[in-house]
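Q: Got protein20.tsv for you, TSV, N, CA and C atoms:
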```
chain	number	residue	atom	x	y	z
A	229	MET	N	11.48	-16.04	0.32
A	229	MET	CA	10.21	-16.19	0.99
A	229	MET	C	10.07	-15.20	2.14
A	230	ASP	N	11.16	-14.94	2.85
A	230	ASP	CA	11.10	-14.01	3.97
A	230	ASP	C	10.64	-12.63	3.53
A	231	ILE	N	11.06	-12.20	2.34
A	231	ILE	CA	10.68	-10.89	1.82
A	231	ILE	C	9.17	-10.80	1.69
A	232	VAL	N	8.52	-11.83	1.19
A	232	VAL	CA	7.07	-11.83	1.03
A	232	VAL	C	6.40	-11.73	2.39
A	233	ILE	N	6.85	-12.51	3.32
A	233	ILE	CA	6.27	-12.50	4.67
A	233	ILE	C	6.48	-11.12	5.30
A	234	ASP	N	7.68	-10.56	5.19
A	234	ASP	CA	7.96	-9.25	5.76
A	234	ASP	C	7.12	-8.17	5.08
A	235	SER	N	6.93	-8.26	3.78
A	235	SER	CA	6.12	-7.27	3.07
A	235	SER	C	4.67	-7.31	3.53
A	236	GLU	N	4.12	-8.51	3.66
A	236	GLU	CA	2.74	-8.64	4.13
A	236	GLU	C	2.62	-8.10	5.56
A	237	ARG	N	3.57	-8.44	6.40
A	237	ARG	CA	3.58	-7.95	7.78
A	237	ARG	C	3.73	-6.43	7.81
A	238	ALA	N	4.60	-5.91	6.95
A	238	ALA	CA	4.83	-4.47	6.90
A	238	ALA	C	3.56	-3.74	6.50
A	239	ILE	N	2.84	-4.28	5.53
A	239	ILE	CA	1.58	-3.65	5.10
A	239	ILE	C	0.62	-3.57	6.28
A	240	LYS	N	0.59	-4.61	7.09
A	240	LYS	CA	-0.31	-4.64	8.24
A	240	LYS	C	0.15	-3.70	9.35
A	241	GLU	N	1.47	-3.56	9.52
A	241	GLU	CA	2.01	-2.82	10.66
A	241	GLU	C	2.48	-1.41	10.33
A	242	ALA	N	2.34	-0.98	9.11
A	242	ALA	CA	2.90	0.31	8.68
A	242	ALA	C	2.05	1.51	9.09
A	243	GLY	N	0.90	1.28	9.67
A	243	GLY	CA	0.06	2.40	10.08
A	243	GLY	C	-0.68	3.04	8.91
A	244	LEU	N	-1.05	2.23	7.93
A	244	LEU	CA	-1.78	2.75	6.78
A	244	LEU	C	-3.19	3.15	7.16
A	245	THR	N	-3.68	4.20	6.54
A	245	THR	CA	-5.08	4.57	6.74
A	245	THR	C	-5.95	3.51	6.07
A	246	LEU	N	-7.22	3.50	6.39
A	246	LEU	CA	-8.14	2.54	5.78
A	246	LEU	C	-8.16	2.69	4.26
A	247	GLN	N	-8.15	3.92	3.79
A	247	GLN	CA	-8.16	4.18	2.35
A	247	GLN	C	-6.87	3.66	1.70
A	248	GLN	N	-5.75	3.87	2.35
A	248	GLN	CA	-4.47	3.36	1.83
A	248	GLN	C	-4.48	1.83	1.79
A	249	GLN	N	-5.02	1.22	2.83
A	249	GLN	CA	-5.11	-0.24	2.86
A	249	GLN	C	-5.95	-0.77	1.70
A	250	LYS	N	-7.08	-0.13	1.44
A	250	LYS	CA	-7.94	-0.56	0.34
A	250	LYS	C	-7.21	-0.43	-0.99
A	251	VAL	N	-6.54	0.71	-1.18
A	251	VAL	CA	-5.81	0.94	-2.44
A	251	VAL	C	-4.72	-0.11	-2.61
A	252	ILE	N	-3.95	-0.38	-1.57
A	252	ILE	CA	-2.86	-1.35	-1.66
A	252	ILE	C	-3.41	-2.75	-1.92
A	253	GLU	N	-4.47	-3.11	-1.25
A	253	GLU	CA	-5.09	-4.42	-1.48
A	253	GLU	C	-5.49	-4.57	-2.95
A	254	LEU	N	-6.15	-3.58	-3.48
A	254	LEU	CA	-6.62	-3.66	-4.87
A	254	LEU	C	-5.48	-3.56	-5.88
A	255	ARG	N	-4.51	-2.72	-5.60
A	255	ARG	CA	-3.40	-2.52	-6.54
A	255	ARG	C	-2.37	-3.65	-6.47
A	256	TRP	N	-1.86	-3.95	-5.27
A	256	TRP	CA	-0.75	-4.88	-5.12
A	256	TRP	C	-1.21	-6.34	-5.06
A	257	VAL	N	-2.34	-6.58	-4.42
A	257	VAL	CA	-2.79	-7.96	-4.25
A	257	VAL	C	-3.67	-8.39	-5.42
A	258	GLU	N	-4.67	-7.58	-5.73
A	258	GLU	CA	-5.61	-7.93	-6.79
A	258	GLU	C	-5.10	-7.59	-8.18
A	259	GLY	N	-4.15	-6.65	-8.26
A	259	GLY	CA	-3.55	-6.29	-9.55
A	259	GLY	C	-4.38	-5.35	-10.40
A	260	ASP	N	-5.30	-4.63	-9.77
A	260	ASP	CA	-6.12	-3.68	-10.52
A	260	ASP	C	-5.31	-2.44	-10.90
A	261	THR	N	-5.72	-1.79	-11.97
A	261	THR	CA	-5.06	-0.55	-12.38
A	261	THR	C	-5.50	0.59	-11.46
A	262	GLN	N	-4.77	1.69	-11.51
A	262	GLN	CA	-5.17	2.85	-10.71
A	262	GLN	C	-6.56	3.32	-11.09
A	263	GLN	N	-6.87	3.32	-12.38
A	263	GLN	CA	-8.19	3.77	-12.81
A	263	GLN	C	-9.28	2.83	-12.33
A	264	GLU	N	-9.03	1.53	-12.36
A	264	GLU	CA	-10.01	0.56	-11.86
A	264	GLU	C	-10.27	0.77	-10.37
A	265	VAL	N	-9.19	0.99	-9.63
A	265	VAL	CA	-9.33	1.24	-8.19
A	265	VAL	C	-10.10	2.54	-7.96
A	266	ALA	N	-9.78	3.56	-8.73
A	266	ALA	CA	-10.48	4.85	-8.61
A	266	ALA	C	-11.97	4.66	-8.84
A	267	ASP	N	-12.32	3.90	-9.86
A	267	ASP	CA	-13.73	3.66	-10.15
A	267	ASP	C	-14.41	2.89	-9.02
A	268	MET	N	-13.74	1.85	-8.50
A	268	MET	CA	-14.32	1.03	-7.43
A	268	MET	C	-14.52	1.83	-6.15
A	269	LEU	N	-13.56	2.68	-5.83
A	269	LEU	CA	-13.60	3.42	-4.56
A	269	LEU	C	-14.20	4.82	-4.72
A	270	GLN	N	-14.63	5.13	-5.92
A	270	GLN	CA	-15.20	6.43	-6.24
A	270	GLN	C	-14.25	7.57	-5.87
A	271	LEU	N	-13.01	7.41	-6.34
A	271	LEU	CA	-11.97	8.41	-6.14
A	271	LEU	C	-11.44	8.79	-7.51
A	272	SER	N	-10.68	9.86	-7.56
A	272	SER	CA	-10.01	10.20	-8.81
A	272	SER	C	-8.74	9.36	-8.92
A	273	GLN	N	-8.25	9.19	-10.14
A	273	GLN	CA	-7.02	8.43	-10.34
A	273	GLN	C	-5.84	9.10	-9.63
A	274	PRO	N	-5.71	10.44	-9.68
A	274	PRO	CA	-4.61	11.06	-8.93
A	274	PRO	C	-4.69	10.82	-7.42
A	275	THR	N	-5.89	10.72	-6.89
A	275	THR	CA	-6.04	10.44	-5.45
A	275	THR	C	-5.58	9.02	-5.15
A	276	VAL	N	-5.90	8.08	-6.01
A	276	VAL	CA	-5.43	6.70	-5.84
A	276	VAL	C	-3.90	6.68	-5.89
A	277	LEU	N	-3.33	7.38	-6.84
A	277	LEU	CA	-1.87	7.47	-6.95
A	277	LEU	C	-1.28	8.03	-5.66
A	278	GLN	N	-1.86	9.06	-5.12
A	278	GLN	CA	-1.37	9.67	-3.89
A	278	GLN	C	-1.44	8.70	-2.71
A	279	HIS	N	-2.56	8.00	-2.57
A	279	HIS	CA	-2.69	7.00	-1.50
A	279	HIS	C	-1.63	5.91	-1.66
A	280	GLU	N	-1.42	5.47	-2.89
A	280	GLU	CA	-0.43	4.42	-3.14
A	280	GLU	C	0.98	4.91	-2.81
A	281	GLN	N	1.30	6.13	-3.19
A	281	GLN	CA	2.64	6.67	-2.91
A	281	GLN	C	2.88	6.81	-1.41
A	282	TYR	N	1.89	7.34	-0.68
A	282	TYR	CA	2.04	7.47	0.77
A	282	TYR	C	2.18	6.11	1.43
A	283	ALA	N	1.39	5.14	0.99
A	283	ALA	CA	1.45	3.80	1.56
A	283	ALA	C	2.82	3.17	1.30
A	284	LYS	N	3.34	3.33	0.08
A	284	LYS	CA	4.64	2.77	-0.25
A	284	LYS	C	5.73	3.35	0.65
A	285	LYS	N	5.65	4.65	0.92
A	285	LYS	CA	6.64	5.29	1.78
A	285	LYS	C	6.57	4.72	3.20
A	286	LYS	N	5.36	4.55	3.71
A	286	LYS	CA	5.19	4.01	5.06
A	286	LYS	C	5.71	2.58	5.15
A	287	VAL	N	5.38	1.77	4.16
A	287	VAL	CA	5.83	0.38	4.16
A	287	VAL	C	7.35	0.33	4.02
A	288	GLN	N	7.92	1.13	3.14
A	288	GLN	CA	9.37	1.14	2.94
A	288	GLN	C	10.09	1.59	4.20
A	289	LYS	N	9.55	2.58	4.88
A	289	LYS	CA	10.16	3.07	6.12
A	289	LYS	C	10.21	1.95	7.16
A	290	LEU	N	9.13	1.19	7.27
A	290	LEU	CA	9.10	0.09	8.22
A	290	LEU	C	10.08	-1.01	7.82
A	291	LEU	N	10.12	-1.35	6.54
A	291	LEU	CA	11.06	-2.37	6.07
A	291	LEU	C	12.51	-1.94	6.31
A	292	ASP	N	12.80	-0.66	6.08
A	292	ASP	CA	14.14	-0.14	6.35
A	292	ASP	C	14.48	-0.26	7.83
A	293	LYS	N	13.52	0.05	8.68
A	293	LYS	CA	13.71	-0.04	10.14
A	293	LYS	C	14.02	-1.49	10.53
A	294	TRP	N	13.25	-2.41	9.96
A	294	TRP	CA	13.50	-3.83	10.26
A	294	TRP	C	14.88	-4.27	9.79
A	295	GLY	N	15.31	-3.71	8.66
A	295	GLY	CA	16.62	-4.07	8.12
A	295	GLY	C	17.77	-3.62	8.99
A	296	ARG	N	17.56	-2.57	9.76
A	296	ARG	CA	18.59	-2.05	10.65
A	296	ARG	C	18.58	-2.75	12.00
A	297	SER	N	17.51	-3.48	12.27
A	297	SER	CA	17.39	-4.15	13.59
A	297	SER	C	18.27	-5.37	13.67
```
Here is a file; write its structure as structure tokens.

A:
Amino acid sequence: MDIVIDSERAIKEAGLTLQQQKVIELRWVEGDTQQEVADMLQLSQPTVLQHEQYAKKKVQKLLDKWGRS
């Protein structure tokens, strides 16, 4: 259970851009495909992929930092 709480907190505290937050919400929470997210946000699928990859790195970096604390 702690992992879920930490992941949600990390998403909020990772310093994601608004676009990254939208992509993560739609991809991770809502379960939409990259193409569905691209269509909803009027972005290309590669742009959605890029936002998701950057967001994952930011969240992972924060989780790693918490793990060392």

Q: Restricting the calculation to only N, CA and C atoms: of A:Trp294, A:Glu241, A:Gln262, A:Lys289, which residue gets closest to Val276 (chain A)?

A: A:Gln262

Q: Calculated over all atoms listed in the file, which of the candidates A:Thr261, A:Gln288, A:Gln281, A:Gln273 has the smallest distance to Ala242 (chain A)?

A: A:Gln288

Q: Which distance in Å separates atom N of Glu280 (chain A) and CA of Gln248 (chain A), to one decimal?

A: 6.0 Å

Q: How many Å separate CA of Leu290 (chain A) from CA of Ala238 (chain A)?

A: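 Interatomic distance here is 6.4 Å.
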
Q: Using CA of Val257 (chain A) and CA of Gly243 (chain A) as the two end points, give the distance in Å to one decimal.

A: 17.9 Å

Q: Adding 3 Å on each side of the box along x, y and z that holds all listed atoms of region 264-272 of chain A, could you give its centre and edge lengths in Å to one decimal, as AutoDock Vina command-line options?

A:
```
--center_x -12.0 --center_y 5.4 --center_z -8.5 --size_x 12.5 --size_y 15.6 --size_z 13.8
```

Q: Got a sec to check which residues sit within 9 Å of (-2.1, -1.6, 2.5), counting only C-alpha atoms, and write them as an mmCIF file with N, CA and C atoms, in the frame of the given file?

A:
```cif
data_model
loop_
_atom_site.group_PDB
_atom_site.id
_atom_site.type_symbol
_atom_site.label_atom_id
_atom_site.label_comp_id
_atom_site.auth_asym_id
_atom_site.auth_seq_id
_atom_site.Cartn_x
_atom_site.Cartn_y
_atom_site.Cartn_z
ATOM 1 N N GLU A 236 4.120 -8.510 3.660
ATOM 2 C CA GLU A 236 2.740 -8.640 4.130
ATOM 3 C C GLU A 236 2.620 -8.100 5.560
ATOM 4 N N ALA A 238 4.600 -5.910 6.950
ATOM 5 C CA ALA A 238 4.830 -4.470 6.900
ATOM 6 C C ALA A 238 3.560 -3.740 6.500
ATOM 7 N N ILE A 239 2.840 -4.280 5.530
ATOM 8 C CA ILE A 239 1.580 -3.650 5.100
ATOM 9 C C ILE A 239 0.620 -3.570 6.280
ATOM 10 N N LYS A 240 0.590 -4.610 7.090
ATOM 11 C CA LYS A 240 -0.310 -4.640 8.240
ATOM 12 C C LYS A 240 0.150 -3.700 9.350
ATOM 13 N N ALA A 242 2.340 -0.980 9.110
ATOM 14 C CA ALA A 242 2.900 0.310 8.680
ATOM 15 C C ALA A 242 2.050 1.510 9.090
ATOM 16 N N GLY A 243 0.900 1.280 9.670
ATOM 17 C CA GLY A 243 0.060 2.400 10.080
ATOM 18 C C GLY A 243 -0.680 3.040 8.910
ATOM 19 N N LEU A 244 -1.050 2.230 7.930
ATOM 20 C CA LEU A 244 -1.780 2.750 6.780
ATOM 21 C C LEU A 244 -3.190 3.150 7.160
ATOM 22 N N THR A 245 -3.680 4.200 6.540
ATOM 23 C CA THR A 245 -5.080 4.570 6.740
ATOM 24 C C THR A 245 -5.950 3.510 6.070
ATOM 25 N N LEU A 246 -7.220 3.500 6.390
ATOM 26 C CA LEU A 246 -8.140 2.540 5.780
ATOM 27 C C LEU A 246 -8.160 2.690 4.260
ATOM 28 N N GLN A 247 -8.150 3.920 3.790
ATOM 29 C CA GLN A 247 -8.160 4.180 2.350
ATOM 30 C C GLN A 247 -6.870 3.660 1.700
ATOM 31 N N GLN A 248 -5.750 3.870 2.350
ATOM 32 C CA GLN A 248 -4.470 3.360 1.830
ATOM 33 C C GLN A 248 -4.480 1.830 1.790
ATOM 34 N N GLN A 249 -5.020 1.220 2.830
ATOM 35 C CA GLN A 249 -5.110 -0.240 2.860
ATOM 36 C C GLN A 249 -5.950 -0.770 1.700
ATOM 37 N N LYS A 250 -7.080 -0.130 1.440
ATOM 38 C CA LYS A 250 -7.940 -0.560 0.340
ATOM 39 C C LYS A 250 -7.210 -0.430 -0.990
ATOM 40 N N VAL A 251 -6.540 0.710 -1.180
ATOM 41 C CA VAL A 251 -5.810 0.940 -2.440
ATOM 42 C C VAL A 251 -4.720 -0.110 -2.610
ATOM 43 N N ILE A 252 -3.950 -0.380 -1.570
ATOM 44 C CA ILE A 252 -2.860 -1.350 -1.660
ATOM 45 C C ILE A 252 -3.410 -2.750 -1.920
ATOM 46 N N GLU A 253 -4.470 -3.110 -1.250
ATOM 47 C CA GLU A 253 -5.090 -4.420 -1.480
ATOM 48 C C GLU A 253 -5.490 -4.570 -2.950
ATOM 49 N N LEU A 254 -6.150 -3.580 -3.480
ATOM 50 C CA LEU A 254 -6.620 -3.660 -4.870
ATOM 51 C C LEU A 254 -5.480 -3.560 -5.880
ATOM 52 N N TRP A 256 -1.860 -3.950 -5.270
ATOM 53 C CA TRP A 256 -0.750 -4.880 -5.120
ATOM 54 C C TRP A 256 -1.210 -6.340 -5.060
ATOM 55 N N GLU A 280 -1.420 5.470 -2.890
ATOM 56 C CA GLU A 280 -0.430 4.420 -3.140
ATOM 57 C C GLU A 280 0.980 4.910 -2.810
ATOM 58 N N ALA A 283 1.390 5.140 0.990
ATOM 59 C CA ALA A 283 1.450 3.800 1.560
ATOM 60 C C ALA A 283 2.820 3.170 1.300
ATOM 61 N N LYS A 284 3.340 3.330 0.080
ATOM 62 C CA LYS A 284 4.640 2.770 -0.250
ATOM 63 C C LYS A 284 5.730 3.350 0.650
ATOM 64 N N VAL A 287 5.380 1.770 4.160
ATOM 65 C CA VAL A 287 5.830 0.380 4.160
ATOM 66 C C VAL A 287 7.350 0.330 4.020
#
```

Q: Between A:Arg237, A:Ala266, A:Glu258, A:Asp292, single out the one closest to His279 (chain A), counting only C-alpha atoms.

A: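 The closest residue to His279 (chain A) is A:Ala266.
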
Q: Could you name the residues that touch Gln263 (chain A) at 12 Å or less, counting only C-alpha atoms, but leaving out those on the same chain fewer than 4 positions away, as a CSV table (one decimal) with N, CA and C atoms, in the coordinates of the input?

A:
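The file below, selection-v2.csv, is the result:
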```
chain,number,residue,atom,x,y,z
A,251,VAL,N,-6.5,0.7,-1.2
A,251,VAL,CA,-5.8,0.9,-2.4
A,251,VAL,C,-4.7,-0.1,-2.6
A,254,LEU,N,-6.2,-3.6,-3.5
A,254,LEU,CA,-6.6,-3.7,-4.9
A,254,LEU,C,-5.5,-3.6,-5.9
A,255,ARG,N,-4.5,-2.7,-5.6
A,255,ARG,CA,-3.4,-2.5,-6.5
A,255,ARG,C,-2.4,-3.6,-6.5
A,259,GLY,N,-4.2,-6.6,-8.3
A,259,GLY,CA,-3.6,-6.3,-9.6
A,259,GLY,C,-4.4,-5.4,-10.4
A,267,ASP,N,-12.3,3.9,-9.9
A,267,ASP,CA,-13.7,3.7,-10.2
A,267,ASP,C,-14.4,2.9,-9.0
A,268,MET,N,-13.7,1.8,-8.5
A,268,MET,CA,-14.3,1.0,-7.4
A,268,MET,C,-14.5,1.8,-6.2
A,269,LEU,N,-13.6,2.7,-5.8
A,269,LEU,CA,-13.6,3.4,-4.6
A,269,LEU,C,-14.2,4.8,-4.7
A,270,GLN,N,-14.6,5.1,-5.9
A,270,GLN,CA,-15.2,6.4,-6.2
A,270,GLN,C,-14.2,7.6,-5.9
A,271,LEU,N,-13.0,7.4,-6.3
A,271,LEU,CA,-12.0,8.4,-6.1
A,271,LEU,C,-11.4,8.8,-7.5
A,272,SER,N,-10.7,9.9,-7.6
A,272,SER,CA,-10.0,10.2,-8.8
A,272,SER,C,-8.7,9.4,-8.9
A,273,GLN,N,-8.2,9.2,-10.1
A,273,GLN,CA,-7.0,8.4,-10.3
A,273,GLN,C,-5.8,9.1,-9.6
A,274,PRO,N,-5.7,10.4,-9.7
A,274,PRO,CA,-4.6,11.1,-8.9
A,274,PRO,C,-4.7,10.8,-7.4
A,275,THR,N,-5.9,10.7,-6.9
A,275,THR,CA,-6.0,10.4,-5.4
A,275,THR,C,-5.6,9.0,-5.2
A,276,VAL,N,-5.9,8.1,-6.0
A,276,VAL,CA,-5.4,6.7,-5.8
A,276,VAL,C,-3.9,6.7,-5.9
A,277,LEU,N,-3.3,7.4,-6.8
A,277,LEU,CA,-1.9,7.5,-7.0
A,277,LEU,C,-1.3,8.0,-5.7
```

Q: Using DSSP on the backbone, list every residue of chain A that comes out as helix (DSSP H, G or I), and give them as a ChimeraX atom specification.

A: /A:230-241,246-257,262-269,273-296
